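The data block below is model-v4.pdb; it holds PDB, C-alpha atoms, pLDDT in the B column.
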ATOM      1  CA  MET A  24      12.078  -3.754 -16.050  1.00 58.00           C
ATOM      2  CA  ILE A  25      11.401  -3.980 -12.320  1.00 66.00           C
ATOM      3  CA  GLU A  26       7.990  -5.479 -13.089  1.00 67.00           C
ATOM      4  CA  LEU A  27       9.751  -8.578 -14.432  1.00 63.00           C
ATOM      5  CA  LEU A  28      11.010  -9.314 -10.907  1.00 69.00           C
ATOM      6  CA  LEU A  29       7.537  -9.196  -9.396  1.00 78.00           C
ATOM      7  CA  PRO A  30       5.204 -12.166  -8.992  1.00 76.00           C
ATOM      8  CA  GLU A  31       2.174 -12.440 -11.229  1.00 77.00           C
ATOM      9  CA  HIS A  32      -0.812 -10.316 -10.115  1.00 79.00           C
ATOM     10  CA  VAL A  33       1.392  -7.971  -8.002  1.00 82.00           C
ATOM     11  CA  THR A  34       1.686  -4.461  -9.457  1.00 86.00           C
ATOM     12  CA  LEU A  35       4.663  -2.135  -9.083  1.00 88.00           C
ATOM     13  CA  GLY A  36       2.510   0.204  -6.976  1.00 88.00           C
ATOM     14  CA  ALA A  37       1.489  -2.607  -4.637  1.00 88.00           C
ATOM     15  CA  ALA A  38       5.118  -3.677  -4.265  1.00 89.00           C
ATOM     16  CA  GLY A  39       6.113  -0.104  -3.394  1.00 91.00           C
ATOM     17  CA  ILE A  40       3.424   0.129  -0.717  1.00 93.00           C
ATOM     18  CA  LEU A  41       4.586  -3.141   0.862  1.00 92.00           C
ATOM     19  CA  VAL A  42       8.238  -2.060   0.946  1.00 92.00           C
ATOM     20  CA  PHE A  43       7.289   1.330   2.413  1.00 93.00           C
ATOM     21  CA  ALA A  44       4.956  -0.237   5.006  1.00 91.00           C
ATOM     22  CA  SER A  45       7.608  -2.738   6.068  1.00 92.00           C
ATOM     23  CA  PHE A  46       9.802  -0.007   7.555  1.00 93.00           C
ATOM     24  CA  PHE A  47       7.074   1.374   9.820  1.00 88.00           C
ATOM     25  CA  THR A  48       5.521  -1.953  10.839  1.00 86.00           C
ATOM     26  CA  SER A  49       8.953  -3.351  11.745  1.00 88.00           C
ATOM     27  CA  ALA A  50       9.780  -0.207  13.725  1.00 87.00           C
ATOM     28  CA  LEU A  51       6.479  -0.550  15.634  1.00 83.00           C
ATOM     29  CA  THR A  52       7.216  -4.154  16.583  1.00 82.00           C
ATOM     30  CA  ALA A  53      10.825  -3.408  17.516  1.00 82.00           C
ATOM     31  CA  ALA A  54       9.742  -0.672  19.944  1.00 82.00           C
ATOM     32  CA  ALA A  55       6.404  -1.930  21.276  1.00 77.00           C
ATOM     33  CA  GLY A  56       7.064  -5.658  20.919  1.00 72.00           C
ATOM     34  CA  ILE A  57       3.875  -6.331  18.970  1.00 73.00           C
ATOM     35  CA  GLY A  58       1.520  -4.982  16.320  1.00 74.00           C
ATOM     36  CA  GLY A  59       3.649  -4.681  13.199  1.00 80.00           C
ATOM     37  CA  GLY A  60       3.094  -8.199  11.914  1.00 79.00           C
ATOM     38  CA  LEU A  61      -0.673  -7.948  12.151  1.00 75.00           C
ATOM     39  CA  LEU A  62      -0.673  -4.514  10.530  1.00 79.00           C
ATOM     40  CA  MET A  63       1.486  -5.859   7.682  1.00 84.00           C
ATOM     41  CA  LEU A  64      -0.934  -8.757   7.240  1.00 79.00           C
ATOM     42  CA  ALA A  65      -3.863  -6.330   7.055  1.00 76.00           C
ATOM     43  CA  ILE A  66      -2.093  -4.398   4.287  1.00 83.00           C
ATOM     44  CA  MET A  67      -1.166  -7.558   2.390  1.00 84.00           C
ATOM     45  CA  ILE A  68      -4.791  -8.720   2.334  1.00 78.00           C
ATOM     46  CA  TYR A  69      -5.586  -5.936  -0.128  1.00 81.00           C
ATOM     47  CA  LEU A  70      -2.467  -6.302  -2.293  1.00 85.00           C
ATOM     48  CA  LEU A  71      -1.647 -10.022  -2.616  1.00 85.00           C
ATOM     49  CA  PRO A  72      -3.477 -13.049  -4.039  1.00 83.00           C
ATOM     50  CA  ILE A  73      -5.308 -14.810  -1.212  1.00 76.00           C
ATOM     51  CA  GLY A  74      -3.577 -18.132  -1.872  1.00 78.00           C
ATOM     52  CA  ALA A  75      -0.156 -16.577  -1.313  1.00 83.00           C
ATOM     53  CA  LEU A  76      -1.116 -14.417   1.668  1.00 82.00           C
ATOM     54  CA  ILE A  77      -0.173 -16.628   4.649  1.00 81.00           C
ATOM     55  CA  PRO A  78       3.009 -18.169   3.152  1.00 87.00           C
ATOM     56  CA  VAL A  79       4.394 -14.822   1.903  1.00 88.00           C
ATOM     57  CA  HIS A  80       3.470 -13.041   5.134  1.00 88.00           C
ATOM     58  CA  GLY A  81       5.288 -15.807   7.002  1.00 86.00           C
ATOM     59  CA  LEU A  82       8.428 -15.313   4.901  1.00 90.00           C
ATOM     60  CA  VAL A  83       8.341 -11.535   5.395  1.00 90.00           C
ATOM     61  CA  GLN A  84       7.863 -11.962   9.136  1.00 87.00           C
ATOM     62  CA  LEU A  85      10.711 -14.450   9.245  1.00 90.00           C
ATOM     63  CA  GLY A  86      12.991 -11.752   7.853  1.00 89.00           C
ATOM     64  CA  SER A  87      11.628  -9.031  10.122  1.00 87.00           C
ATOM     65  CA  ASN A  88      11.890 -11.115  13.290  1.00 88.00           C
ATOM     66  CA  ALA A  89      15.325 -12.442  12.358  1.00 91.00           C
ATOM     67  CA  SER A  90      16.436  -8.807  12.065  1.00 88.00           C
ATOM     68  CA  ARG A  91      14.985  -8.054  15.508  1.00 87.00           C
ATOM     69  CA  THR A  92      16.673 -11.157  16.934  1.00 91.00           C
ATOM     70  CA  TRP A  93      20.065 -10.002  15.654  1.00 91.00           C
ATOM     71  CA  VAL A  94      19.737  -6.364  16.680  1.00 87.00           C
ATOM     72  CA  GLN A  95      18.315  -7.173  20.132  1.00 87.00           C
ATOM     73  CA  ARG A  96      20.233 -10.427  20.755  1.00 88.00           C
ATOM     74  CA  ALA A  97      21.883  -9.189  23.973  1.00 88.00           C
ATOM     75  CA  HIS A  98      18.572  -9.388  25.882  1.00 87.00           C
ATOM     76  CA  ILE A  99      17.278 -12.773  24.614  1.00 90.00           C
ATOM     77  CA  ASN A 100      16.555 -15.639  27.017  1.00 88.00           C
ATOM     78  CA  TRP A 101      17.932 -18.426  24.811  1.00 89.00           C
ATOM     79  CA  ARG A 102      16.674 -21.232  27.064  1.00 88.00           C
ATOM     80  CA  ILE A 103      13.063 -20.216  26.556  1.00 85.00           C
ATOM     81  CA  ALA A 104      13.613 -19.557  22.836  1.00 86.00           C
ATOM     82  CA  PHE A 105      15.111 -23.015  22.254  1.00 88.00           C
ATOM     83  CA  ILE A 106      12.368 -24.897  24.101  1.00 87.00           C
ATOM     84  CA  PHE A 107       9.771 -22.844  22.229  1.00 83.00           C
ATOM     85  CA  LEU A 108      11.444 -23.907  18.957  1.00 84.00           C
ATOM     86  CA  ILE A 109      10.992 -27.590  19.819  1.00 87.00           C
ATOM     87  CA  GLY A 110       7.286 -27.056  20.487  1.00 85.00           C
ATOM     88  CA  SER A 111       6.925 -24.981  17.311  1.00 79.00           C
ATOM     89  CA  THR A 112       8.354 -27.795  15.194  1.00 82.00           C
ATOM     90  CA  ILE A 113       5.772 -30.238  16.518  1.00 86.00           C
ATOM     91  CA  GLY A 114       2.955 -27.692  16.083  1.00 81.00           C
ATOM     92  CA  ALA A 115       3.870 -27.019  12.438  1.00 76.00           C
ATOM     93  CA  LEU A 116       4.003 -30.727  11.621  1.00 79.00           C
ATOM     94  CA  LEU A 117       0.599 -31.253  13.204  1.00 80.00           C
ATOM     95  CA  GLY A 118      -0.765 -28.287  11.231  1.00 73.00           C
ATOM     96  CA  VAL A 119       0.410 -29.799   7.926  1.00 68.00           C
ATOM     97  CA  LEU A 120      -0.656 -33.350   8.730  1.00 73.00           C
ATOM     98  CA  LEU A 121      -4.071 -32.611  10.192  1.00 67.00           C
ATOM     99  CA  ALA A 122      -5.038 -29.824   7.770  1.00 54.00           C
ATOM    100  CA  VAL A 123      -7.873 -28.825  10.085  1.00 54.00           C
ATOM    101  CA  GLN A 124     -10.505 -26.647   8.449  1.00 61.00           C
ATOM    102  CA  ILE A 125     -11.485 -24.098  11.094  1.00 62.00           C
ATOM    103  CA  PRO A 126     -13.462 -20.998  10.064  1.00 70.00           C
ATOM    104  CA  GLU A 127     -11.060 -18.053  10.230  1.00 67.00           C
ATOM    105  CA  GLY A 128     -13.705 -15.861  11.878  1.00 75.00           C
ATOM    106  CA  TYR A 129     -13.898 -18.191  14.869  1.00 74.00           C
ATOM    107  CA  LEU A 130     -10.105 -18.317  15.193  1.00 69.00           C
ATOM    108  CA  LEU A 131      -9.664 -14.550  15.009  1.00 73.00           C
ATOM    109  CA  THR A 132     -12.438 -13.897  17.542  1.00 79.00           C
ATOM    110  CA  PHE A 133     -11.006 -16.488  19.926  1.00 73.00           C
ATOM    111  CA  LEU A 134      -7.484 -15.094  19.581  1.00 71.00           C
ATOM    112  CA  GLY A 135      -8.654 -11.532  20.193  1.00 76.00           C
ATOM    113  CA  LEU A 136     -10.663 -12.423  23.305  1.00 78.00           C
ATOM    114  CA  PHE A 137      -7.872 -14.627  24.647  1.00 70.00           C
ATOM    115  CA  VAL A 138      -5.316 -11.833  24.251  1.00 70.00           C
ATOM    116  CA  LEU A 139      -7.607  -9.332  26.019  1.00 76.00           C
ATOM    117  CA  ILE A 140      -8.061 -11.704  28.962  1.00 72.00           C
ATOM    118  CA  MET A 141      -4.318 -12.323  29.202  1.00 66.00           C
ATOM    119  CA  VAL A 142      -3.540  -8.600  29.063  1.00 69.00           C
ATOM    120  CA  TRP A 143      -6.064  -7.362  31.613  1.00 74.00           C
ATOM    121  CA  PHE A 144      -6.254 -10.255  34.089  1.00 67.00           C
ATOM    122  CA  LYS A 145      -3.075 -10.832  36.051  1.00 60.00           C
ATOM    123  CA  LEU A 146      -1.934 -14.444  36.062  1.00 54.00           C
ATOM    124  CA  PRO A 147       0.278 -16.064  38.698  1.00 53.00           C
ATOM    125  CA  ALA A 148       3.958 -15.392  38.153  1.00 48.00           C
ATOM    126  CA  LEU A 149       5.424 -17.851  35.658  1.00 50.00           C
ATOM    127  CA  GLU A 150       9.073 -16.835  35.718  1.00 51.00           C
ATOM    128  CA  ASN A 151      10.045 -20.420  36.611  1.00 53.00           C
ATOM    129  CA  ALA A 152       7.697 -22.103  34.145  1.00 58.00           C
ATOM    130  CA  SER A 153       8.579 -25.686  33.316  1.00 65.00           C
ATOM    131  CA  PRO A 154      10.147 -26.584  29.948  1.00 67.00           C
ATOM    132  CA  GLY A 155       6.971 -28.518  29.144  1.00 72.00           C
ATOM    133  CA  PHE A 156       4.839 -25.392  29.575  1.00 75.00           C
ATOM    134  CA  VAL A 157       7.084 -23.342  27.274  1.00 78.00           C
ATOM    135  CA  GLY A 158       7.180 -26.124  24.687  1.00 81.00           C
ATOM    136  CA  LEU A 159       3.399 -26.461  24.782  1.00 81.00           C
ATOM    137  CA  GLY A 160       3.127 -22.733  24.106  1.00 77.00           C
ATOM    138  CA  GLY A 161       5.307 -23.132  21.023  1.00 78.00           C
ATOM    139  CA  LEU A 162       3.267 -26.101  19.817  1.00 83.00           C
ATOM    140  CA  GLY A 163      -0.122 -24.443  20.259  1.00 79.00           C
ATOM    141  CA  THR A 164       0.715 -21.043  18.832  1.00 75.00           C
ATOM    142  CA  THR A 165       2.531 -22.477  15.797  1.00 75.00           C
ATOM    143  CA  PHE A 166      -0.322 -24.878  15.079  1.00 77.00           C
ATOM    144  CA  VAL A 167      -2.778 -21.958  15.058  1.00 73.00           C
ATOM    145  CA  SER A 168      -0.406 -19.829  12.938  1.00 69.00           C
ATOM    146  CA  MET A 169      -0.599 -22.385  10.118  1.00 68.00           C
ATOM    147  CA  PHE A 170      -4.196 -21.293   9.553  1.00 66.00           C
ATOM    148  CA  VAL A 171      -4.304 -17.643  10.643  1.00 62.00           C
ATOM    149  CA  GLY A 172      -0.833 -16.101  10.418  1.00 58.00           C
ATOM    150  CA  ALA A 173      -1.617 -13.509  13.103  1.00 61.00           C
ATOM    151  CA  THR A 174      -0.375 -15.263  16.228  1.00 68.00           C
ATOM    152  CA  GLY A 175       2.232 -12.688  17.259  1.00 74.00           C
ATOM    153  CA  PRO A 176      -0.166 -11.307  19.913  1.00 73.00           C
ATOM    154  CA  LEU A 177      -0.840 -14.831  21.182  1.00 72.00           C
ATOM    155  CA  VAL A 178       2.874 -15.541  21.582  1.00 79.00           C
ATOM    156  CA  ALA A 179       3.346 -12.125  23.220  1.00 77.00           C
ATOM    157  CA  VAL A 180       0.751 -12.700  25.928  1.00 72.00           C
ATOM    158  CA  PHE A 181       2.149 -16.182  26.494  1.00 74.00           C
ATOM    159  CA  LEU A 182       5.634 -14.773  27.021  1.00 79.00           C
ATOM    160  CA  LYS A 183       4.681 -11.650  28.971  1.00 74.00           C
ATOM    161  CA  ASN A 184       4.147 -13.656  32.169  1.00 72.00           C
ATOM    162  CA  LEU A 185       7.639 -15.123  31.926  1.00 76.00           C
ATOM    163  CA  PHE A 186       9.432 -11.763  32.061  1.00 76.00           C
ATOM    164  CA  THR A 187       9.462  -8.671  34.227  1.00 74.00           C
ATOM    165  CA  LYS A 188      11.538  -6.484  31.876  1.00 80.00           C
ATOM    166  CA  HIS A 189      10.183  -5.232  28.556  1.00 79.00           C
ATOM    167  CA  ARG A 190      13.489  -5.494  26.681  1.00 83.00           C
ATOM    168  CA  GLU A 191      13.884  -9.177  27.547  1.00 87.00           C
ATOM    169  CA  LEU A 192      10.273  -9.826  26.550  1.00 85.00           C
ATOM    170  CA  VAL A 193      10.588  -8.043  23.182  1.00 85.00           C
ATOM    171  CA  SER A 194      13.917  -9.674  22.336  1.00 89.00           C
ATOM    172  CA  THR A 195      12.857 -13.196  23.272  1.00 90.00           C
ATOM    173  CA  HIS A 196       9.564 -12.673  21.430  1.00 87.00           C
ATOM    174  CA  ALA A 197      11.637 -11.865  18.322  1.00 88.00           C
ATOM    175  CA  ALA A 198      13.620 -15.102  18.688  1.00 90.00           C
ATOM    176  CA  THR A 199      10.527 -17.243  19.249  1.00 87.00           C
ATOM    177  CA  MET A 200       8.688 -15.671  16.303  1.00 85.00           C
ATOM    178  CA  THR A 201      11.754 -16.238  14.103  1.00 88.00           C
ATOM    179  CA  ALA A 202      11.630 -19.908  15.063  1.00 83.00           C
ATOM    180  CA  GLN A 203       7.886 -20.106  14.494  1.00 80.00           C
ATOM    181  CA  HIS A 204       7.943 -18.459  11.071  1.00 83.00           C
ATOM    182  CA  GLY A 205      11.019 -20.437  10.035  1.00 87.00           C
ATOM    183  CA  ILE A 206       9.306 -23.721  10.832  1.00 80.00           C
ATOM    184  CA  LYS A 207       6.175 -22.516   9.003  1.00 80.00           C
ATOM    185  CA  ILE A 208       8.173 -21.753   5.855  1.00 87.00           C
ATOM    186  CA  VAL A 209       9.683 -25.251   5.846  1.00 85.00           C
ATOM    187  CA  ALA A 210       6.179 -26.681   6.269  1.00 81.00           C
ATOM    188  CA  PHE A 211       4.809 -24.596   3.368  1.00 84.00           C
ATOM    189  CA  ILE A 212       7.726 -25.672   1.142  1.00 87.00           C
ATOM    190  CA  LEU A 213       6.999 -29.320   1.938  1.00 84.00           C
ATOM    191  CA  ALA A 214       3.357 -28.631   1.123  1.00 79.00           C
ATOM    192  CA  GLY A 215       4.409 -27.401  -2.337  1.00 82.00           C
ATOM    193  CA  PHE A 216       4.230 -23.590  -2.175  1.00 82.00           C
ATOM    194  CA  ALA A 217       6.546 -21.975  -4.773  1.00 82.00           C
ATOM    195  CA  PHE A 218       8.442 -19.277  -2.862  1.00 86.00           C
ATOM    196  CA  TYR A 219      11.056 -18.668  -5.567  1.00 86.00           C
ATOM    197  CA  GLU A 220       8.920 -16.244  -7.593  1.00 87.00           C
ATOM    198  CA  TRP A 221       8.381 -14.100  -4.492  1.00 88.00           C
ATOM    199  CA  LEU A 222      12.028 -13.830  -3.423  1.00 89.00           C
ATOM    200  CA  PRO A 223      12.971 -10.486  -5.088  1.00 89.00           C
ATOM    201  CA  LEU A 224       9.936  -8.697  -3.636  1.00 90.00           C
ATOM    202  CA  VAL A 225      10.334 -10.301  -0.209  1.00 90.00           C
ATOM    203  CA  ALA A 226      14.050  -9.394  -0.156  1.00 92.00           C
ATOM    204  CA  ALA A 227      13.174  -5.724  -0.719  1.00 93.00           C
ATOM    205  CA  ILE A 228      10.493  -5.845   1.997  1.00 92.00           C
ATOM    206  CA  ILE A 229      12.894  -7.464   4.474  1.00 92.00           C
ATOM    207  CA  ALA A 230      15.651  -4.920   3.711  1.00 93.00           C
ATOM    208  CA  SER A 231      13.245  -2.061   4.430  1.00 93.00           C
ATOM    209  CA  GLY A 232      12.092  -3.854   7.576  1.00 91.00           C
ATOM    210  CA  PHE A 233      15.673  -4.168   8.826  1.00 92.00           C
ATOM    211  CA  LEU A 234      16.031  -0.395   8.722  1.00 93.00           C
ATOM    212  CA  GLY A 235      12.737  -0.139  10.604  1.00 91.00           C
ATOM    213  CA  VAL A 236      13.964  -2.559  13.264  1.00 89.00           C
ATOM    214  CA  GLN A 237      17.043  -0.396  13.865  1.00 91.00           C
ATOM    215  CA  ALA A 238      14.905   2.739  14.185  1.00 90.00           C
ATOM    216  CA  GLY A 239      12.411   1.043  16.514  1.00 87.00           C
ATOM    217  CA  THR A 240      15.167  -0.410  18.693  1.00 87.00           C
ATOM    218  CA  ARG A 241      16.732   3.040  19.113  1.00 89.00           C
ATOM    219  CA  LEU A 242      13.334   4.344  20.191  1.00 85.00           C
ATOM    220  CA  MET A 243      12.914   1.492  22.672  1.00 82.00           C
ATOM    221  CA  ASN A 244      16.298   2.248  24.224  1.00 82.00           C
ATOM    222  CA  THR A 245      15.286   5.862  24.896  1.00 86.00           C
ATOM    223  CA  LEU A 246      12.078   5.029  26.807  1.00 77.00           C
ATOM    224  CA  SER A 247      11.674   4.090  30.466  1.00 81.00           C
ATOM    225  CA  GLU A 248      10.504   0.642  31.553  1.00 71.00           C
ATOM    226  CA  ASN A 249       7.107   2.048  32.624  1.00 78.00           C
ATOM    227  CA  ALA A 250       6.638   3.775  29.272  1.00 80.00           C
ATOM    228  CA  LEU A 251       7.576   0.587  27.411  1.00 73.00           C
ATOM    229  CA  GLN A 252       5.143  -1.512  29.470  1.00 73.00           C
ATOM    230  CA  PHE A 253       2.362   1.001  28.780  1.00 80.00           C
ATOM    231  CA  LEU A 254       3.157   1.016  25.060  1.00 78.00           C
ATOM    232  CA  PHE A 255       3.162  -2.788  24.955  1.00 74.00           C
ATOM    233  CA  LYS A 256      -0.121  -3.152  26.822  1.00 77.00           C
ATOM    234  CA  THR A 257      -1.890  -0.431  24.818  1.00 82.00           C
ATOM    235  CA  THR A 258      -0.708  -1.776  21.459  1.00 78.00           C
ATOM    236  CA  LEU A 259      -1.628  -5.336  22.391  1.00 75.00           C
ATOM    237  CA  THR A 260      -5.118  -4.250  23.461  1.00 82.00           C
ATOM    238  CA  LEU A 261      -5.739  -2.403  20.177  1.00 82.00           C
ATOM    239  CA  VAL A 262      -4.493  -5.392  18.195  1.00 77.00           C
ATOM    240  CA  ALA A 263      -6.761  -7.758  20.152  1.00 77.00           C
ATOM    241  CA  LEU A 264      -9.812  -5.557  19.612  1.00 85.00           C
ATOM    242  CA  ASP A 265      -9.082  -5.498  15.880  1.00 83.00           C
ATOM    243  CA  LEU A 266      -8.791  -9.300  15.821  1.00 77.00           C
ATOM    244  CA  VAL A 267     -12.262  -9.532  17.381  1.00 82.00           C
ATOM    245  CA  ARG A 268     -13.547  -6.991  14.854  1.00 85.00           C
ATOM    246  CA  GLN A 269     -12.199  -9.046  11.975  1.00 79.00           C
ATOM    247  CA  GLY A 270     -13.527 -12.270  13.446  1.00 79.00           C
ATOM    248  CA  LEU A 271     -17.024 -10.821  13.776  1.00 83.00           C
ATOM    249  CA  ASN A 272     -16.732  -9.285  10.295  1.00 79.00           C
ATOM    250  CA  ILE A 273     -17.417  -5.751  11.543  1.00 75.00           C
ATOM    251  CA  PRO A 274     -16.339  -3.127   8.963  1.00 71.00           C
ATOM    252  CA  LEU A 275     -13.600  -0.761  10.151  1.00 62.00           C
ATOM    253  CA  ILE A 276     -15.442   2.174   8.555  1.00 59.00           C
ATOM    254  CA  PRO A 277     -19.283   1.849   8.639  1.00 56.00           C
TER     255      PRO A 277
END
Take the structure in this file and express it as structure tokens.
Amino acid sequence: MIELLLPEHVTLGAAGILVFASFFTSALTAAAGIGGGLLMLAIMIYLLPIGALIPVHGLVQLGSNASRTWVQRAHINWRIAFIFLIGSTIGALLGVLLAVQIPEGYLLTFLGLFVLIMVWFKLPALENASPGFVGLGGLGTTFVSMFVGATGPLVAVFLKNLFTKHRELVSTHAATMTAQHGIKIVAFILAGFAFYEWLPLVAAIIASGFLGVQAGTRLMNTLSENALQFLFKTTLTLVALDLVRQGLNIPLIP
């Protein structure tokens, strides 16, 4: 009976794995600020039809990040989130209109190397960055996300220079990623993707992710600022190295 609620080509076992994985990937992102979305994408690659991968991942991440935004709303910098939303809207429209065909390997390698540089090379303080700079970040990262779907690390390294406290960074990252994925979903709907057949499965994944967000947030609140910064930097570095690995098509297990 449950199988009738699943999209074509998605087995009950695959659906169970996705719902189970959603809890842990959402908890990881809620605590560390990054990593869960990319890990979820890596799992989905093996379980979903390739044509549905980026749109469905975007819808799942919309739910996960909206949950984080609600649970962690007290620490969000709404000024930065709103300006980022304006840039994201423009970036998504450009992504749909231009339909640029860029080899995914090049994009993933570039993203991974860019994240590593941003993590390990200290940039000038950007706490008072202009609205134009924040909006440009939203435009660029959303444009890239229309083709890759793994731009959470890129947004994270963009935002990390705007904040000195991990909780503000993680919370505002949740709000900006909610905006980015929301705009992406609208763009995919306009492009003709049929989300309706995926809604029951995505609803179950998002519900599991919400529980994960609550668990991850509780963990974040128990750790010191130094521990949170270390966790963020370590997770981001591992994610970036894996992006480079994927871009260069290096097998995870030889």
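Among the candidate residues A:Val262, A:Gly232, A:Ser194, A:Ala97, the one lying nearest to Thr132 of chain A is A:Val262, with distances computed using all atoms listed in the file.
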If I take atom CA of Arg190 of chain A and atom CA of Gly60 of chain A, how far is one from the other in Å, to one decimal? 18.3 Å
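Closest to Thr112 of chain A among A:Val167, A:Leu213, A:Leu162, A:Ala37 is A:Leu162, based on only C-alpha atoms.
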Nearest residue to Asn100 of chain A from the set A:Leu41, A:Ala198, A:Leu234, A:Ile212 (distances using only C-alpha atoms): A:Ala198
Considering all atoms listed in the file, return as a PyMOL selection string whatever protein or nucleic-acid residues lie within 10 Å of Leu51 of chain A, sequence-local ones (same chain, fewer than 3 positions apart) excluded. chain A and resi 45-48+54-60+62+235-236+238-240+242-243+258
Using all atoms listed in the file, the residue out of A:Val138, A:Ile109, A:Ala89, A:Leu116 with shortest distance to Lys183 of chain A is A:Val138
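Restricting the calculation to all atoms listed in the file, the smallest distance between Pro30 of chain A and any of A:Leu131, A:Ala217, A:Leu264, A:Val178 is found for A:Ala217.
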As a check of understanding, name the residues that the PyMOL selection byres ((chain A and resi 61) around 12) selects in the supplied structure, as a PyMOL selection string. chain A and resi 44-45+48-49+51-52+56-60+62-68+77+80-81+83-84+131+135+168+171-177+258-259+261-263+265-266+269
Applying 12 Å and all atoms listed in the file, which residues near His189 of chain A remain after dropping the ones on its own chain fewer than 4 positions away? List them as a PyMOL selection string. chain A and resi 53-57+95+98-99+179+182-185+193-196+243-244+246-256
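Across the model, the gap from atom CA of Thr164 of chain A to atom CA of Ser231 of chain A is 26.9 Å.
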Non-local contacts of His32 of chain A (9 Å; only C-alpha atoms; under 5 positions in same chain excluded) as a PyMOL selection string: chain A and resi 70-72
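Between atom CA of Leu108 of chain A and atom CA of Leu85 of chain A the interatomic distance comes to 13.6 Å.
Counting all atoms listed in the file, the residue from A:Phe233, A:Leu76, A:Trp93, A:Thr245 that sits nearest to Ala50 of chain A is A:Phe233.
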Using the partial input, fill out segment 216-231 of chain A with N, CA and C atoms; write the result as an mmCIF file, in the coordinates of the input.
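And here's selection-v9.cif as it stands now:
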data_model
loop_
_atom_site.group_PDB
_atom_site.id
_atom_site.type_symbol
_atom_site.label_atom_id
_atom_site.label_comp_id
_atom_site.auth_asym_id
_atom_site.auth_seq_id
_atom_site.Cartn_x
_atom_site.Cartn_y
_atom_site.Cartn_z
ATOM 1 N N PHE A 216 4.342 -24.992 -1.790
ATOM 2 C CA PHE A 216 4.230 -23.590 -2.175
ATOM 3 C C PHE A 216 5.522 -23.133 -2.854
ATOM 4 N N ALA A 217 5.384 -22.430 -3.984
ATOM 5 C CA ALA A 217 6.546 -21.975 -4.773
ATOM 6 C C ALA A 217 6.987 -20.593 -4.299
ATOM 7 N N PHE A 218 7.954 -20.545 -3.390
ATOM 8 C CA PHE A 218 8.442 -19.277 -2.862
ATOM 9 C C PHE A 218 9.369 -18.545 -3.830
ATOM 10 N N TYR A 219 9.982 -19.261 -4.766
ATOM 11 C CA TYR A 219 11.056 -18.668 -5.567
ATOM 12 C C TYR A 219 10.610 -17.423 -6.328
ATOM 13 N N GLU A 220 9.363 -17.400 -6.817
ATOM 14 C CA GLU A 220 8.920 -16.244 -7.593
ATOM 15 C C GLU A 220 8.676 -15.007 -6.724
ATOM 16 N N TRP A 221 8.618 -15.206 -5.416
ATOM 17 C CA TRP A 221 8.381 -14.100 -4.492
ATOM 18 C C TRP A 221 9.665 -13.541 -3.891
ATOM 19 N N LEU A 222 10.798 -14.196 -4.132
ATOM 20 C CA LEU A 222 12.028 -13.830 -3.423
ATOM 21 C C LEU A 222 12.506 -12.398 -3.670
ATOM 22 N N PRO A 223 12.510 -11.876 -4.908
ATOM 23 C CA PRO A 223 12.971 -10.486 -5.088
ATOM 24 C C PRO A 223 12.130 -9.474 -4.310
ATOM 25 N N LEU A 224 10.805 -9.623 -4.366
ATOM 26 C CA LEU A 224 9.936 -8.697 -3.636
ATOM 27 C C LEU A 224 10.130 -8.847 -2.130
ATOM 28 N N VAL A 225 10.174 -10.076 -1.646
ATOM 29 C CA VAL A 225 10.334 -10.301 -0.209
ATOM 30 C C VAL A 225 11.679 -9.769 0.275
ATOM 31 N N ALA A 226 12.727 -9.916 -0.541
ATOM 32 C CA ALA A 226 14.050 -9.394 -0.156
ATOM 33 C C ALA A 226 14.005 -7.884 0.041
ATOM 34 N N ALA A 227 13.297 -7.183 -0.850
ATOM 35 C CA ALA A 227 13.174 -5.724 -0.719
ATOM 36 C C ALA A 227 12.376 -5.351 0.525
ATOM 37 N N ILE A 228 11.318 -6.098 0.808
ATOM 38 C CA ILE A 228 10.493 -5.845 1.997
ATOM 39 C C ILE A 228 11.308 -6.071 3.268
ATOM 40 N N ILE A 229 12.092 -7.144 3.295
ATOM 41 C CA ILE A 229 12.894 -7.464 4.474
ATOM 42 C C ILE A 229 13.987 -6.413 4.686
ATOM 43 N N ALA A 230 14.609 -5.948 3.593
ATOM 44 C CA ALA A 230 15.651 -4.920 3.711
ATOM 45 C C ALA A 230 15.082 -3.640 4.312
ATOM 46 N N SER A 231 13.894 -3.241 3.863
ATOM 47 C CA SER A 231 13.245 -2.061 4.430
ATOM 48 C C SER A 231 12.898 -2.301 5.894
#
